[in-house]
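Inspection log for the structure reproduced underneath, given as structure tokens.
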Amino acid sequence: MEPSSQAPHPSTVAPAPAAPSTPFSTVIRTASHAQHTEAENSSFMSDLLGGRLGVTAYRRYTEQLWFVYRALEDATGALAGDPVAGPFLRPELARTPELERDLAHLGGPSWRAGLQPLPATAAYAARVTECAHHWPAGYVAHHYTRYLGDLSGGQIIRGTAEKTWGFTRKGDGVRFYVFEDIANPAAFKRSYRALLDALPVDEVEKQRVVEECRRAFRLNSAVFHALGEEFPLSA
Ligand code: HEM
């Protein structure tokens with residue numbers, strides 16, 4: 001008789017304990033940490049947050065954001081039903097109307113006349129649009145990089161802007177940083193991270209999303225670099 005008792009049936013073999021997999025929200029955050037520090041410490045951002053630049057620099061920066069958010073938000077209609085990007089698109093995140101109010105405050109009613117993006121901004125917006133049209137998971141990387149950042153460090157920028165240039169607290173000039181319809185940003189960020197953790201793509205695709213996130217940070221840094229050249233400190 002075959003000693004079958006010595007060869008356990010495959011279904012009775014306990015699977016090797018899976019390495020506890022790191023949630024994707026942690027992976028993407030950790031993977032972009034170095035770029036985050038770099039963007040935060042760019043000379044333009046440091047000078048802006050240090051109150052060393054005039055309101056013209058702040059306005060110029062806000063103009064660049066308008067081009068980026070238009071690219072992010074022009075895409076939302078087409079992506080709404082997408083299984084990967086769709087769940088991230090929440091109307092309470094939309095920033096274009098707020099940016100337009102801020103820009104009208106900063107530049108007057110004709111703020112839009114002749115407004116051109118810096119080449120670095122045009123490249124950033126073009127990449128967002130490309131992802132939106134051809135690669136929804138890549139679009140998620142851009143969505144995360146901007147909106148989760150706005151809900152976090154954006155609040156620090158708002159405080160500085162109010163203090164430095166005298167905007168009304170949470171009023172015109174800094175509305176971009178005010179999410180009127182998000183009562184509890186910490187809870188919102190938690191549910192956003194849960195969406196990231198449940199991203200319905202395989203590991204290879206997740207790695208590509210992480211790479212796109214790093215690229216998104218680099219694109220932001222390039223805009224800061226260009227702004228830094230336009231607004232060097234005279235001191
Ligand atoms: C001077 C500028 C900045 C400051 C002071 C700042 C500060 C912060 C802070 C305090 C957090 C919260 C970290 C935490 O929850 O532990 C954060 C998160 C974040 N920031 Fe920034 N930040 C700045 C610039 C940027 C830029 C330029 C970007 C990208 C465009 C960005 C993207 C993010 C993202 C995506 C998160 C969320 C990380 C996560 O929890 O997954 N930040 N930032």
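Following the order of the structure tokens, first chain is A, next is B, and so on, with residues numbered from 1 inside each chain and ligands from 1 in the order they appear.
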
- Task: Please identify all polymer residues within 12 Å of A:Gly153, counting only C-alpha atoms, omitting same-chain residues fewer than 6 positions from it, and present them as a PyMOL selection string.
- Result: chain A and resi 36-37+39-40+45+49+145-147+159-160+177+185

- Item | Test item: residues lying within 9 Å of ligand 1 with only C-alpha atoms and all ligand atoms, as a PyMOL selection string | chain A and resi 25-30+32-33+35-42+45-46+48-49+142-157+186+189-190+193+213+216-221+224

- Find the residues around A:Leu195 up to 12 Å (only C-alpha atoms counted), leave out those fewer than 2 positions away in its own chain, and share them as a list of chain:residue names. A:Pro23, A:Phe24, A:Ser25, A:Pro83, A:Val84, A:Ala85, A:Gly86, A:Pro87, A:Phe88, A:Leu89, A:Val140, A:Tyr144, A:Phe188, A:Lys189, A:Arg190, A:Ser191, A:Tyr192, A:Arg193, A:Asp197, A:Ala198, A:Leu199, A:Pro200, A:Val201

- What does the distance from atom CA of A:Arg112 to atom CA of A:Leu233 come to in Å, to one decimal? 26.6 Å

Residues within 9 Å of A:Leu72, only C-alpha atoms, excluding chain neighbours under 2 positions, as a short mmCIF file (atom, residue, chain, number, x, y, z; two decimals) with C-alpha atoms, in the first residue's frame:
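Here's the written file around.cif:
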```
data_model
loop_
_atom_site.label_atom_id
_atom_site.label_comp_id
_atom_site.auth_asym_id
_atom_site.auth_seq_id
_atom_site.Cartn_x
_atom_site.Cartn_y
_atom_site.Cartn_z
CA PHE A 67 -3.28 75.53 -14.70
CA VAL A 68 -2.52 72.35 -12.79
CA TYR A 69 -5.94 72.08 -11.17
CA ARG A 70 -7.69 72.76 -14.43
CA ASP A 74 -11.20 69.02 -16.47
CA ALA A 75 -10.70 65.28 -16.45
CA THR A 76 -13.17 64.40 -13.73
CA ALA A 125 -0.40 70.01 -16.66
CA VAL A 128 -1.73 65.16 -15.81
CA THR A 129 -3.92 65.39 -18.91
CA ALA A 132 -6.24 61.36 -17.34
CA TYR A 139 -3.95 60.01 -12.77
CA HIS A 142 -1.27 62.99 -9.48
CA HIS A 143 -4.55 63.28 -7.61
#
```

Considering only C-alpha atoms, return as a JSON list (two decimals) with C-alpha atoms, in the first residue's frame whatever protein or nucleic-acid residues lie within 7 Å of stretch 94-102 of chain A, sequence-local ones (same chain, fewer than 4 positions apart) excluded.
```json
[["chain", "number", "residue", "atom", "x", "y", "z"],
["A", 66, "TRP", "CA", -4.74, 77.17, -11.60],
["A", 69, "TYR", "CA", -5.94, 72.08, -11.17],
["A", 70, "ARG", "CA", -7.69, 72.76, -14.43],
["A", 73, "GLU", "CA", -10.41, 68.78, -12.76],
["A", 106, "LEU", "CA", -5.14, 89.00, -6.38],
["A", 172, "ASP", "CA", -10.34, 85.69, -0.65],
["A", 173, "GLY", "CA", -6.73, 85.03, -1.55],
["A", 174, "VAL", "CA", -6.49, 81.76, 0.39],
["A", 175, "ARG", "CA", -9.73, 80.03, -0.54],
["A", 176, "PHE", "CA", -7.74, 77.43, -2.42]]
```

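Take atom CA of A:Thr22 and atom CA of A:Gly138: the distance between them is 20.1 Å.
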
- Message: Given only C-alpha atoms as the basis, pick out the residue of A:Ala113, A:Leu118, A:Leu93, A:Ala80 nearest to A:Val223.
- Response: A:Leu118

- Task: Just the helix (DSSP H, G or I) stuff from stretch 14-163 of chain A, please, per backbone DSSP, written as a PyMOL selection string.
- Result: chain A and resi 24-31+33-40+43-49+55-74+76-79+86-88+91-93+96-107+119-134+136-151+154-163
